[in-house]
Each structure stands twice: as structure tokens, then as C-alpha cells.
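Participant: So I've got this file, my_file_24.csv, and it contains CSV, C-alpha atoms:
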```
chain,number,residue,atom,x,y,z
A,1,MET,CA,12.6,-21.3,12.0
A,2,ASN,CA,10.9,-19.9,8.8
A,3,PHE,CA,12.1,-17.1,6.5
A,4,LEU,CA,10.2,-14.4,8.4
A,5,GLU,CA,11.3,-15.5,11.8
A,6,GLU,CA,14.9,-15.5,10.6
A,7,LYS,CA,14.4,-12.0,9.1
A,8,ILE,CA,12.8,-10.7,12.3
A,9,LEU,CA,15.8,-12.0,14.4
A,10,ALA,CA,18.2,-10.5,11.9
A,11,ASP,CA,16.6,-7.1,11.3
A,12,GLY,CA,13.8,-6.5,13.7
A,13,ARG,CA,14.3,-4.4,16.8
A,14,VAL,CA,12.6,-4.5,20.1
A,15,TYR,CA,11.6,-1.2,21.7
A,16,ALA,CA,10.3,-0.5,25.2
A,17,GLY,CA,6.6,-0.7,25.4
A,18,ASP,CA,6.2,-4.1,23.6
A,19,ILE,CA,7.0,-2.5,20.2
A,20,LEU,CA,8.6,-4.6,17.5
A,21,LYS,CA,10.1,-2.5,14.8
A,22,VAL,CA,10.1,-4.1,11.4
A,23,ASP,CA,10.3,-0.9,9.4
A,24,SER,CA,13.4,-2.0,7.5
A,25,PHE,CA,11.6,-4.9,5.7
A,26,ILE,CA,7.8,-4.7,6.2
A,27,ASN,CA,6.2,-1.4,6.9
A,28,HIS,CA,8.4,1.5,5.6
A,29,ARG,CA,11.1,-0.1,3.5
A,30,ILE,CA,9.6,-3.2,1.9
A,31,ASP,CA,11.8,-6.2,1.2
A,32,MET,CA,10.3,-7.9,-1.9
A,33,ASP,CA,11.8,-11.2,-1.1
A,34,VAL,CA,10.0,-11.3,2.2
A,35,MET,CA,6.7,-10.3,0.5
A,36,ARG,CA,7.1,-12.9,-2.2
A,37,GLN,CA,7.8,-15.7,0.3
A,38,ALA,CA,5.0,-14.5,2.5
A,39,ALA,CA,2.5,-14.5,-0.4
A,40,CYS,CA,3.6,-18.1,-1.3
A,41,GLU,CA,3.2,-19.2,2.3
A,42,PHE,CA,-0.3,-17.8,2.6
A,43,LYS,CA,-1.2,-19.4,-0.7
A,44,ARG,CA,0.1,-22.7,0.5
A,45,ARG,CA,-1.7,-22.6,3.9
A,46,TYR,CA,-5.0,-21.7,2.2
A,47,GLU,CA,-4.6,-24.3,-0.5
A,48,GLY,CA,-7.9,-25.6,-1.7
A,49,GLU,CA,-9.9,-22.6,-0.5
A,50,ARG,CA,-11.7,-20.4,-3.0
A,51,VAL,CA,-10.7,-16.8,-2.6
A,52,ASP,CA,-12.5,-14.1,-4.5
A,53,LYS,CA,-10.9,-11.0,-3.0
A,54,ILE,CA,-8.1,-9.9,-0.7
A,55,LEU,CA,-9.1,-7.4,2.0
A,56,THR,CA,-6.6,-5.3,3.9
A,57,ILE,CA,-6.3,-1.9,5.6
A,58,GLU,CA,-4.2,1.0,4.5
A,59,ALA,CA,-1.2,1.4,4.5
A,60,SER,CA,1.1,-1.4,5.7
A,61,GLY,CA,-1.2,-4.2,4.7
A,62,ILE,CA,-1.3,-3.2,1.0
A,63,ALA,CA,2.1,-4.7,0.0
A,64,ILE,CA,1.3,-8.3,1.1
A,65,ALA,CA,-2.2,-7.9,-0.1
A,66,VAL,CA,-1.1,-7.0,-3.6
A,67,MET,CA,1.5,-9.8,-3.8
A,68,LEU,CA,-1.0,-12.4,-2.7
A,69,ALA,CA,-3.8,-11.0,-5.0
A,70,ASN,CA,-1.3,-11.3,-7.8
A,71,MET,CA,-0.9,-15.0,-7.1
A,72,TYR,CA,-4.7,-15.6,-6.8
A,73,ASP,CA,-5.4,-13.1,-9.7
A,74,VAL,CA,-8.2,-11.5,-7.7
A,75,PRO,CA,-8.7,-7.9,-6.7
A,76,VAL,CA,-7.5,-6.2,-3.5
A,77,VAL,CA,-9.7,-4.0,-1.5
A,78,PHE,CA,-8.0,-1.8,1.1
A,79,ALA,CA,-10.1,-0.3,3.8
A,80,LYS,CA,-9.5,3.3,4.5
A,81,LYS,CA,-9.0,4.9,7.9
A,82,ALA,CA,-10.6,8.3,7.2
A,83,GLU,CA,-12.9,10.0,4.8
A,84,THR,CA,-11.5,11.8,1.8
A,85,ALA,CA,-13.0,14.5,-0.4
A,86,ASN,CA,-13.0,12.0,-3.3
A,87,SER,CA,-15.4,9.6,-1.5
A,88,THR,CA,-19.1,10.2,-1.8
A,89,ASP,CA,-20.6,6.7,-2.0
A,90,ASP,CA,-22.2,4.8,0.7
A,91,LYS,CA,-19.8,2.8,2.8
A,92,TYR,CA,-19.5,0.0,5.2
A,93,ARG,CA,-18.1,1.4,8.4
A,94,SER,CA,-16.6,-0.1,11.5
A,95,GLN,CA,-14.2,1.2,14.2
A,96,ALA,CA,-10.9,0.1,15.6
A,97,PHE,CA,-8.5,1.4,18.1
A,98,SER,CA,-5.0,1.8,16.6
A,99,PHE,CA,-2.3,0.5,18.8
A,100,THR,CA,0.2,2.5,16.8
A,101,ARG,CA,-1.6,5.8,16.7
A,102,LYS,CA,-3.3,5.5,20.1
A,103,GLU,CA,-6.6,6.6,18.7
A,104,MET,CA,-9.9,5.3,17.4
A,105,ASN,CA,-10.1,5.0,13.6
A,106,ASP,CA,-13.1,4.8,11.5
A,107,ILE,CA,-12.6,2.0,9.0
A,108,VAL,CA,-14.5,2.3,5.8
A,109,VAL,CA,-15.0,0.3,2.6
A,110,SER,CA,-17.2,1.6,-0.3
A,111,ARG,CA,-20.2,-0.7,-0.6
A,112,PRO,CA,-19.7,-1.7,-4.3
A,113,TYR,CA,-16.3,-3.2,-3.5
A,114,ILE,CA,-17.5,-6.2,-1.5
A,115,SER,CA,-20.4,-8.3,-2.7
A,116,PRO,CA,-22.7,-10.7,-0.9
A,117,GLY,CA,-21.4,-14.3,-1.1
A,118,GLU,CA,-17.8,-13.4,-1.9
A,119,ARG,CA,-15.1,-15.3,-0.1
A,120,ILE,CA,-12.7,-12.8,1.4
A,121,LEU,CA,-9.2,-13.5,2.7
A,122,ILE,CA,-8.2,-10.8,5.1
A,123,VAL,CA,-4.4,-10.0,5.3
A,124,ASP,CA,-2.4,-7.5,7.3
A,125,ASP,CA,1.2,-6.9,8.5
A,126,PHE,CA,0.5,-7.1,12.2
A,127,LEU,CA,-2.0,-8.9,14.5
A,128,ALA,CA,-1.8,-7.6,18.0
A,129,THR,CA,-5.1,-6.7,19.8
A,130,GLY,CA,-7.0,-7.8,16.8
A,131,GLN,CA,-9.0,-4.5,16.6
A,132,ALA,CA,-8.2,-3.9,12.9
A,133,ALA,CA,-9.0,-7.5,12.1
A,134,ARG,CA,-12.3,-7.3,13.9
A,135,ALA,CA,-13.2,-4.2,12.0
A,136,LEU,CA,-12.5,-5.8,8.7
A,137,ILE,CA,-14.4,-9.0,9.7
A,138,ASP,CA,-17.3,-6.7,10.7
A,139,ILE,CA,-17.3,-5.0,7.3
A,140,VAL,CA,-17.2,-8.4,5.4
A,141,ARG,CA,-20.2,-9.5,7.4
A,142,GLN,CA,-22.1,-6.3,6.8
A,143,ALA,CA,-21.6,-6.9,3.1
A,144,GLY,CA,-23.0,-10.4,3.4
A,145,ALA,CA,-19.7,-11.9,2.3
A,146,GLU,CA,-17.7,-14.7,4.0
A,147,VAL,CA,-14.4,-14.6,5.8
A,148,VAL,CA,-12.2,-17.4,4.4
A,149,GLY,CA,-9.6,-16.6,7.1
A,150,LEU,CA,-6.9,-14.2,8.1
A,151,GLY,CA,-3.3,-14.1,7.0
A,152,MET,CA,-0.9,-12.1,9.2
A,153,LEU,CA,2.8,-11.6,8.7
A,154,VAL,CA,3.5,-11.0,12.4
A,155,GLU,CA,1.3,-11.9,15.3
A,156,LYS,CA,2.1,-10.6,18.8
A,157,GLY,CA,1.1,-13.8,20.6
A,158,GLN,CA,1.5,-12.0,24.0
A,159,GLN,CA,-1.6,-10.0,23.1
A,160,GLU,CA,-5.1,-11.5,22.9
A,161,GLY,CA,-6.1,-10.8,19.2
A,162,GLY,CA,-5.1,-14.1,17.7
A,163,LYS,CA,-6.4,-16.2,20.6
A,164,SER,CA,-9.7,-14.4,20.7
A,165,LEU,CA,-10.2,-14.7,16.9
A,166,ARG,CA,-9.3,-18.4,16.9
A,167,GLY,CA,-11.6,-18.8,19.8
A,168,ASP,CA,-14.5,-17.4,17.8
A,169,GLY,CA,-13.8,-19.9,15.1
A,170,TYR,CA,-11.8,-17.8,12.6
A,171,ARG,CA,-8.9,-19.4,10.9
A,172,VAL,CA,-5.8,-17.2,11.6
A,173,GLU,CA,-2.6,-18.0,9.8
A,174,SER,CA,0.3,-16.0,11.1
A,175,ILE,CA,3.8,-16.5,9.6
A,176,ALA,CA,5.6,-15.4,12.7
A,177,ILE,CA,4.0,-15.6,16.1
A,178,ILE,CA,6.0,-13.8,18.9
A,179,ASP,CA,5.6,-15.3,22.3
A,180,SER,CA,7.9,-13.0,24.1
A,181,MET,CA,10.3,-10.2,23.5
A,182,ASP,CA,12.7,-8.4,25.7
A,183,HIS,CA,13.9,-4.8,25.0
A,184,GLY,CA,17.0,-5.1,27.3
A,185,THR,CA,18.5,-8.2,25.7
A,186,GLN,CA,16.8,-7.8,22.3
A,187,THR,CA,15.6,-11.4,22.7
A,188,ILE,CA,12.6,-12.5,20.6
A,189,ARG,CA,11.0,-15.9,21.2
A,190,PHE,CA,8.6,-17.4,18.6
A,191,ARG,CA,5.8,-19.8,19.2
A,192,ASN,CA,6.5,-23.3,18.1
A,193,HIS,CA,4.7,-23.9,14.8
A,194,SER,CA,3.0,-27.1,16.0
A,195,ALA,CA,1.4,-25.1,18.9
A,196,GLN,CA,-0.5,-22.6,16.7
B,197,MET,CA,-5.6,4.3,-26.6
B,198,ASN,CA,-3.7,2.3,-24.0
B,199,PHE,CA,-5.0,-0.2,-21.4
B,200,LEU,CA,-5.3,2.5,-18.7
B,201,GLU,CA,-7.0,5.1,-20.8
B,202,GLU,CA,-9.5,2.4,-21.8
B,203,LYS,CA,-10.1,1.4,-18.2
B,204,ILE,CA,-10.5,5.1,-17.1
B,205,LEU,CA,-13.1,5.6,-19.9
B,206,ALA,CA,-14.9,2.4,-18.9
B,207,ASP,CA,-14.8,2.6,-15.1
B,208,GLY,CA,-13.6,6.1,-14.0
B,209,ARG,CA,-16.1,8.7,-13.0
B,210,VAL,CA,-15.8,12.5,-13.2
B,211,TYR,CA,-17.1,14.5,-10.2
B,212,ALA,CA,-17.6,18.2,-9.9
B,213,GLY,CA,-14.5,20.1,-8.8
B,214,ASP,CA,-12.1,18.4,-11.3
B,215,ILE,CA,-12.2,15.1,-9.5
B,216,LEU,CA,-11.6,11.8,-11.3
B,217,LYS,CA,-12.7,8.9,-9.3
B,218,VAL,CA,-10.8,5.7,-10.0
B,219,ASP,CA,-11.6,4.0,-6.7
B,220,SER,CA,-12.9,0.9,-8.5
B,221,PHE,CA,-9.6,-0.1,-9.9
B,222,ILE,CA,-6.7,2.0,-8.5
B,223,ASN,CA,-7.1,3.5,-5.1
B,224,HIS,CA,-9.6,1.6,-3.1
B,225,ARG,CA,-10.4,-1.6,-5.0
B,226,ILE,CA,-7.2,-2.5,-6.9
B,227,ASP,CA,-7.5,-4.3,-10.3
B,228,MET,CA,-4.4,-6.5,-10.5
B,229,ASP,CA,-4.5,-6.6,-14.3
B,230,VAL,CA,-4.2,-2.8,-14.4
B,231,MET,CA,-1.3,-2.9,-11.9
B,232,ARG,CA,0.6,-5.7,-13.8
B,233,GLN,CA,0.2,-3.9,-17.1
B,234,ALA,CA,1.2,-0.6,-15.5
B,235,ALA,CA,4.3,-2.1,-13.9
B,236,CYS,CA,5.3,-3.6,-17.3
B,237,GLU,CA,4.8,-0.3,-19.0
B,238,PHE,CA,7.0,1.7,-16.5
B,239,LYS,CA,9.6,-1.0,-16.9
B,240,ARG,CA,9.5,-0.7,-20.6
B,241,ARG,CA,9.7,3.1,-20.6
B,242,TYR,CA,12.6,3.1,-18.2
B,243,GLU,CA,14.4,0.4,-20.1
B,244,GLY,CA,18.2,0.7,-19.8
B,245,GLU,CA,18.1,2.8,-16.6
B,246,ARG,CA,19.6,1.4,-13.4
B,247,VAL,CA,17.0,1.5,-10.6
B,248,ASP,CA,18.0,0.7,-7.0
B,249,LYS,CA,14.8,1.5,-5.2
B,250,ILE,CA,11.2,2.4,-5.8
B,251,LEU,CA,9.9,5.3,-3.7
B,252,THR,CA,6.3,6.1,-3.3
B,253,ILE,CA,4.0,7.7,-0.7
B,254,GLU,CA,1.3,5.9,1.4
B,255,ALA,CA,-1.3,4.7,0.7
B,256,SER,CA,-2.4,4.6,-2.9
B,257,GLY,CA,1.1,4.5,-4.4
B,258,ILE,CA,2.0,1.3,-2.6
B,259,ALA,CA,0.3,-1.1,-5.0
B,260,ILE,CA,2.0,0.0,-8.2
B,261,ALA,CA,5.3,0.5,-6.3
B,262,VAL,CA,5.2,-3.1,-5.1
B,263,MET,CA,4.4,-4.5,-8.5
B,264,LEU,CA,7.2,-2.6,-10.1
B,265,ALA,CA,9.7,-3.4,-7.4
B,266,ASN,CA,8.8,-7.0,-7.9
B,267,MET,CA,9.9,-6.7,-11.5
B,268,TYR,CA,13.1,-4.9,-10.8
B,269,ASP,CA,13.7,-7.0,-7.7
B,270,VAL,CA,14.6,-3.9,-5.6
B,271,PRO,CA,13.0,-2.7,-2.4
B,272,VAL,CA,10.1,-0.3,-2.0
B,273,VAL,CA,10.2,2.6,0.4
B,274,PHE,CA,7.0,4.3,1.1
B,275,ALA,CA,7.1,7.8,2.6
B,276,LYS,CA,4.7,8.3,5.5
B,277,LYS,CA,2.3,11.2,6.0
B,278,ALA,CA,2.5,11.5,9.8
B,279,GLU,CA,4.5,10.4,12.8
B,280,THR,CA,3.7,7.2,14.4
B,281,ALA,CA,4.5,6.0,17.9
B,282,ASN,CA,6.7,3.3,16.4
B,283,SER,CA,9.0,5.8,14.7
B,284,THR,CA,11.9,7.1,16.7
B,285,ASP,CA,14.8,7.4,14.2
B,286,ASP,CA,16.0,10.5,12.4
B,287,LYS,CA,14.0,11.2,9.3
B,288,TYR,CA,14.2,13.1,6.0
B,289,ARG,CA,11.2,15.4,6.1
B,290,SER,CA,9.4,17.5,3.5
B,291,GLN,CA,5.9,19.0,3.1
B,292,ALA,CA,3.2,18.7,0.6
B,293,PHE,CA,-0.4,20.0,0.3
B,294,SER,CA,-2.8,17.2,-0.2
B,295,PHE,CA,-5.3,18.0,-2.9
B,296,THR,CA,-7.5,15.1,-1.6
B,297,ARG,CA,-7.4,16.0,2.1
B,298,LYS,CA,-7.1,19.8,1.7
B,299,GLU,CA,-4.3,20.0,4.3
B,300,MET,CA,-0.6,20.2,4.5
B,301,ASN,CA,1.1,16.8,5.2
B,302,ASP,CA,4.5,16.2,6.6
B,303,ILE,CA,6.1,13.6,4.4
B,304,VAL,CA,8.8,11.6,6.2
B,305,VAL,CA,11.3,8.8,5.3
B,306,SER,CA,13.6,7.3,7.8
B,307,ARG,CA,17.2,8.1,7.0
B,308,PRO,CA,18.6,4.6,6.7
B,309,TYR,CA,16.2,3.7,3.9
B,310,ILE,CA,17.6,5.9,1.2
B,311,SER,CA,21.3,5.9,0.7
B,312,PRO,CA,23.6,8.4,-1.0
B,313,GLY,CA,24.2,7.5,-4.7
B,314,GLU,CA,21.1,5.3,-5.0
B,315,ARG,CA,19.1,5.7,-8.2
B,316,ILE,CA,15.5,6.1,-7.2
B,317,LEU,CA,12.4,5.7,-9.3
B,318,ILE,CA,9.5,7.6,-7.8
B,319,VAL,CA,6.0,6.3,-8.5
B,320,ASP,CA,2.5,7.2,-7.5
B,321,ASP,CA,-1.1,6.8,-8.6
B,322,PHE,CA,-1.9,10.5,-9.4
B,323,LEU,CA,0.1,13.5,-10.5
B,324,ALA,CA,-1.9,16.7,-10.2
B,325,THR,CA,-0.3,19.7,-8.6
B,326,GLY,CA,2.9,17.8,-8.2
B,327,GLN,CA,3.2,18.6,-4.5
B,328,ALA,CA,3.7,15.0,-3.3
B,329,ALA,CA,6.1,14.4,-6.1
B,330,ARG,CA,8.1,17.5,-5.2
B,331,ALA,CA,8.2,16.4,-1.6
B,332,LEU,CA,9.5,12.9,-2.6
B,333,ILE,CA,12.1,14.5,-4.9
B,334,ASP,CA,13.2,16.8,-2.0
B,335,ILE,CA,13.7,13.8,0.2
B,336,VAL,CA,15.7,11.9,-2.4
B,337,ARG,CA,18.0,15.0,-2.8
B,338,GLN,CA,18.3,15.4,1.0
B,339,ALA,CA,19.6,11.8,1.0
B,340,GLY,CA,22.2,12.5,-1.6
B,341,ALA,CA,20.5,10.0,-3.9
B,342,GLU,CA,19.4,10.5,-7.6
B,343,VAL,CA,16.0,10.7,-9.1
B,344,VAL,CA,15.9,8.4,-12.2
B,345,GLY,CA,12.4,9.7,-13.0
B,346,LEU,CA,8.8,9.6,-12.1
B,347,GLY,CA,6.2,7.1,-13.1
B,348,MET,CA,2.6,8.1,-12.6
B,349,LEU,CA,-0.5,6.1,-13.4
B,350,VAL,CA,-2.8,9.1,-14.1
B,351,GLU,CA,-1.6,12.7,-14.7
B,352,LYS,CA,-4.1,15.5,-14.6
B,353,GLY,CA,-2.6,17.4,-17.5
B,354,GLN,CA,-4.9,20.4,-16.8
B,355,GLN,CA,-2.9,21.0,-13.6
B,356,GLU,CA,0.7,22.3,-13.6
B,357,GLY,CA,2.5,19.4,-11.8
B,358,GLY,CA,3.7,17.5,-14.8
B,359,LYS,CA,4.6,20.6,-16.9
B,360,SER,CA,6.5,22.1,-14.0
B,361,LEU,CA,8.4,18.9,-13.2
B,362,ARG,CA,9.3,18.4,-16.9
B,363,GLY,CA,10.3,22.0,-17.1
B,364,ASP,CA,12.8,21.5,-14.3
B,365,GLY,CA,14.3,18.6,-16.2
B,366,TYR,CA,12.7,15.6,-14.5
B,367,ARG,CA,11.6,12.7,-16.6
B,368,VAL,CA,7.9,12.1,-16.0
B,369,GLU,CA,6.3,9.1,-17.5
B,370,SER,CA,2.5,9.1,-17.0
B,371,ILE,CA,0.5,6.2,-18.4
B,372,ALA,CA,-2.7,8.3,-18.9
B,373,ILE,CA,-2.6,12.1,-19.1
B,374,ILE,CA,-6.0,13.8,-18.9
B,375,ASP,CA,-6.2,16.9,-20.9
B,376,SER,CA,-9.8,17.7,-20.0
B,377,MET,CA,-12.8,16.2,-18.3
B,378,ASP,CA,-16.4,17.3,-18.0
B,379,HIS,CA,-18.6,16.3,-15.1
B,380,GLY,CA,-21.9,17.0,-17.0
B,381,THR,CA,-21.2,14.8,-20.0
B,382,GLN,CA,-18.7,12.5,-18.3
B,383,THR,CA,-16.3,13.2,-21.2
B,384,ILE,CA,-12.6,12.6,-20.6
B,385,ARG,CA,-10.0,13.6,-23.1
B,386,PHE,CA,-6.5,12.2,-23.0
B,387,ARG,CA,-3.4,13.9,-24.3
B,388,ASN,CA,-2.0,12.5,-27.5
B,389,HIS,CA,0.9,10.2,-26.5
B,390,SER,CA,3.3,11.8,-29.1
B,391,ALA,CA,2.6,15.2,-27.4
B,392,GLN,CA,4.0,14.2,-23.9
```
So, in terms of C-alpha cells, how does the structure I just supplied come out?
Facilitator:
Amino acid sequence: MNFLEEKILADGRVYAGDILKVDSFINHRIDMDVMRQAACEFKRRYEGERVDKILTIEASGIAIAVMLANMYDVPVVFAKKAETANSTDDKYRSQAFSFTRKEMNDIVVSRPYISPGERILIVDDFLATGQAARALIDIVRQAGAEVVGLGMLVEKGQQEGGKSLRGDGYRVESIAIIDSMDHGTQTIRFRNHSAQ
Amino acid sequence: MNFLEEKILADGRVYAGDILKVDSFINHRIDMDVMRQAACEFKRRYEGERVDKILTIEASGIAIAVMLANMYDVPVVFAKKAETANSTDDKYRSQAFSFTRKEMNDIVVSRPYISPGERILIVDDFLATGQAARALIDIVRQAGAEVVGLGMLVEKGQQEGGKSLRGDGYRVESIAIIDSMDHGTQTIRFRNHSAQ
């Protein structure tokens, strides 16, 4: 069992409705030890790949994106979920249904921040349905850039996102893949690493 | 002129309506060199202070918060602007008007993530009216914790946030303080550092 699986067993909580709460170390309170180890793990798995930029989506993906970008010494770009009064440039735009918020989100990245030919590593905290990941991939392709792969802290293996992305030929590296969880017994089972 | 003031002059853009756009290195594309230097600068300015936790607000504050927390080796907590379906615990709650979004935001932090007696350093990308900073301070006080000070990448010195917070006895360390900016000429004037 790796550091993140151990942390999830220790501090994650399973709620009804297939919800895994990792607020105490990933997406509200951020445990820096977890983020450092996760960044090292992604760097190790993508060893030998040229990475020009880390792409994520606000807000929970930013922490791991920043830690990983610091190791690669490349910029982060975080996609935004809504327009702001400060944004006036042309944008790449895609859409994703948010599992958390139960609504469609417009996902936007200002055009100057992804360039044709760049090799982009996409990271996020959670991979479930893969909607956010698909929107980020769509934006990378609109920009004429290339997806090196995806790095996810936690993948909900019961949902189809990871399977579908791998089926389409994308490399998806998830540090913890949950195969099943049970609210009543608070049991969490992880996928065997050799079975990814 | 420090690294951030130089970067703002080189890559920031002034828009009508007192808007400084730093999307290309702070709050959409993130320049890791800027974040590393900013984290070192905050660490230097708060030398000798015990810091137990870094508190910021999603989404643009997370990058600097993570870089600084990595240096202190303490956790980050980022306040959230809205409820999510994953959140069921009791929360500390405050309100702030968002200058960017032109709306009131509920600012929430789950109660377990700030403890009484903790010494909290609040960081964010922008200090303008000080509404977000006030909401974070309010939450720290609700939790019975202590505000060590505030670290802001860019302070809009023309607005009252910084002056008002300093007037109330809070230590505010801003790396670049803008005294005036002009959309027509794209001129940006910074406050003299000795005048902070």
C-alpha cells in the first residue's frame, strides 16, 4: 500500500452516495507531506517525458499542480470554471458536468497560456466520471498542444472516467485507485497496482 | 524595485476600472519563479514568528499558500466560497464582497481545520478592499486562533484595505504595493518600500 492509500484509510471518510471525503488532507486542509510525495510519485512515473506545462482546474487541483510544477520548473495553468470581470481575452472553452456541484461548468483557459506543440501534463485531485479531465484534454487539443498524460491523486475506479480515458489511449497515472467503498463499514478497497 | 514589481511592470496590464491583470504569472498561468521568490520573501519578513498554518481562500491564493507552507512545513487551509455537496460538517462562516465577481460570497472553513491557539498566517494574491482578508481574519477569530499577519502578493494601495487593516493593528506584508496606475499610459507606480 502506498503513502496515499495509507492516508486515505487513516483519514478519509466514506459518505453515502459514493462520496469519499478527503477534506482533511487534500481539498480543504492540505497536507504538505502528501503533496510532496505525490509530486515525487508523478515525476517518477513520467520519468523521461518532456513536460512543458502543468494544467489543472481550480481549485483543488492547484496544490498538486504547483508542487509538481516546482519540481519540473515549468509553469502551471489552471483552468477556470466561470468568467470573471478581469478576463477579457479570447479563451479556449469546454464544458464539464461537476459531480460535486451537480451542474454544468464552463471550463476556460486564456489562449495565450497554452501554445501549439507544448507537451502538457494534466493533474487533478480526483478522477471520477472524467468530465473535467475530458474538458482539459479538449482545451489542450484546441490549442494544438499535446497531452503527455494525466496524473490523478485519487481515482474512483468504480466510475468509468479512468477506464474510458485509458481506452482512448491516454496515459492515466492515479496514485490511489478505489475499487469499492462502503459507507456502512467504512471499508475502502484499492485496486492492485499491477492491475492498473 | 523587487522581483515582483519588475514582473508587474514587464507583464502586468492595466485595464479601465482600476483593474490590474496579472493573469500571465499569478492567477491563471502561474510563474513558479515568482511563487518561489514570493514564498522566500514572506518567510524572510515573518522571520522569528511561529506559524502553525497557512490560511488562504480559493482559488488564486492557493499557489502562494502551498509554496509558503512547503517552506514552513505546515498545512494549508483554503477557505471555500460556496457550499459543495461533499461538505456536511459544521463550519466557520463569514462573508465578503468579491471585487472581481461583483457579488457577496459566503466564505467557509470546516471547524476541525483551525484549532484554538494556532498561529495563522493569512496569504492571498491580491489585497484591495480587504473584504476577503477581513472574512479570513473573522474566521480565525471565531476559531479562537491567532492571526500572525497577512502576506499579500499585490496590494492596491489606492484602495483602503491595507490601510484599514494596518490601522486595526494587523501586520500586513505586501510584496508589491501599487500607489497608482493609469490605463491610458499603462503606467504603474509602486509605493516606496520604506513608506509601508
Participant: Just how far from CA of Arg387 (chain B) is CA of Glu351 (chain B), in Å to one decimal?
Facilitator: 9.8 Å
Participant: For Ser110 (chain A), which residue among B:Leu346, B:His224, B:Asp207, B:Val336 is the nearest when counting only C-alpha atoms?
Facilitator: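 Nearest to Ser110 (chain A): B:His224.
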Participant: Fewer than 5 positions away in the same chain doesn't count, so skip those; otherwise give me all residues within 7 Å of Leu4 (chain A), counting all atoms listed in the file, as a list in words.
Facilitator: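 Here the qualifying residues turn out to be Val34, Ile175 and Ala176 of chain A.
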Participant: Expressed in Å to a single decimal, how great is the separation between CA of Lys239 (chain B) and CA of Ile374 (chain B)?
Facilitator: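 Computing it gives 21.6 Å between the two atoms.
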Participant: Residues of chain B within 7 Å of chain A, counting all atoms listed in the file - could you list those as a PyMOL selection string?
Facilitator: chain B and resi 215+217+224-228+254-255+258-259+262+266+269-274+280-282+296-297+309
Participant: If you measure from CA of Gln327 (chain B) to CA of Ser290 (chain B), what distance in Å do you get, rounded to one decimal?
Facilitator: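 Going from CA of Gln327 (chain B) over to CA of Ser290 (chain B) covers 10.2 Å.
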Participant: Here is a test: counting all atoms listed in the file, which residue of B:Val210, B:Leu205, B:Ile303, B:Ile384 is nearest to Ile335 (chain B)?
Facilitator: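 Of the candidates, the smallest distance to Ile335 (chain B) is held by B:Ile303.
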Participant: Residues within 9 Å of (-14.0, -16.0, 3.5), file coordinates, counting only C-alpha atoms: what are they? Give the list as an MDAnalysis selection string.
Facilitator: chainID A and resid 49:53 117:122 140 145:150
Participant: Which is closer to Arg367 (chain B) than all the others in B:Arg241, B:Lys277, B:Arg307, B:Lys287, using only C-alpha atoms?
Facilitator: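 Under the stated criterion, the closest residue is B:Arg241.
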Participant: As a PDB file with C-alpha atoms, keeping the file's coordinate frame, please: the residues near Leu323 (chain B) (cut-off 9 Å, only C-alpha atoms, same-chain neighbours under 5 positions excluded).
Facilitator:
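Printed below is result.pdb as written:
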```pdb
ATOM      1  CA  ALA B 328       3.700  15.000  -3.300  1.00  0.00           C
ATOM      2  CA  ALA B 329       6.100  14.400  -6.100  1.00  0.00           C
ATOM      3  CA  MET B 348       2.600   8.100 -12.600  1.00  0.00           C
ATOM      4  CA  LEU B 349      -0.500   6.100 -13.400  1.00  0.00           C
ATOM      5  CA  VAL B 350      -2.800   9.100 -14.100  1.00  0.00           C
ATOM      6  CA  GLU B 351      -1.600  12.700 -14.700  1.00  0.00           C
ATOM      7  CA  LYS B 352      -4.100  15.500 -14.600  1.00  0.00           C
ATOM      8  CA  GLY B 353      -2.600  17.400 -17.500  1.00  0.00           C
ATOM      9  CA  GLN B 355      -2.900  21.000 -13.600  1.00  0.00           C
ATOM     10  CA  GLY B 357       2.500  19.400 -11.800  1.00  0.00           C
ATOM     11  CA  GLY B 358       3.700  17.500 -14.800  1.00  0.00           C
ATOM     12  CA  SER B 370       2.500   9.100 -17.000  1.00  0.00           C
TER      13      SER B 370
END
```
Participant: Pick the closest to Arg134 (chain A) from A:Gly184, A:Arg166, A:Arg13, A:Glu103: which is it, counting all atoms listed in the file?
Facilitator: A:Arg166
Participant: Hey, which of A:Gly144, A:Glu47, A:Gly151, A:His183 ends up closest to Tyr170 (chain A)? Count all atoms listed in the file.
Facilitator: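 Selected residue with least distance to Tyr170 (chain A): A:Gly151.
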Participant: Considering all atoms listed in the file, state which residue in the set A:Ala96, A:Val172, A:Ile177, A:Ala143 is at the smallest distance from Asn192 (chain A).
Facilitator: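 Using all atoms listed in the file, Asn192 (chain A) sits closest to A:Ile177.
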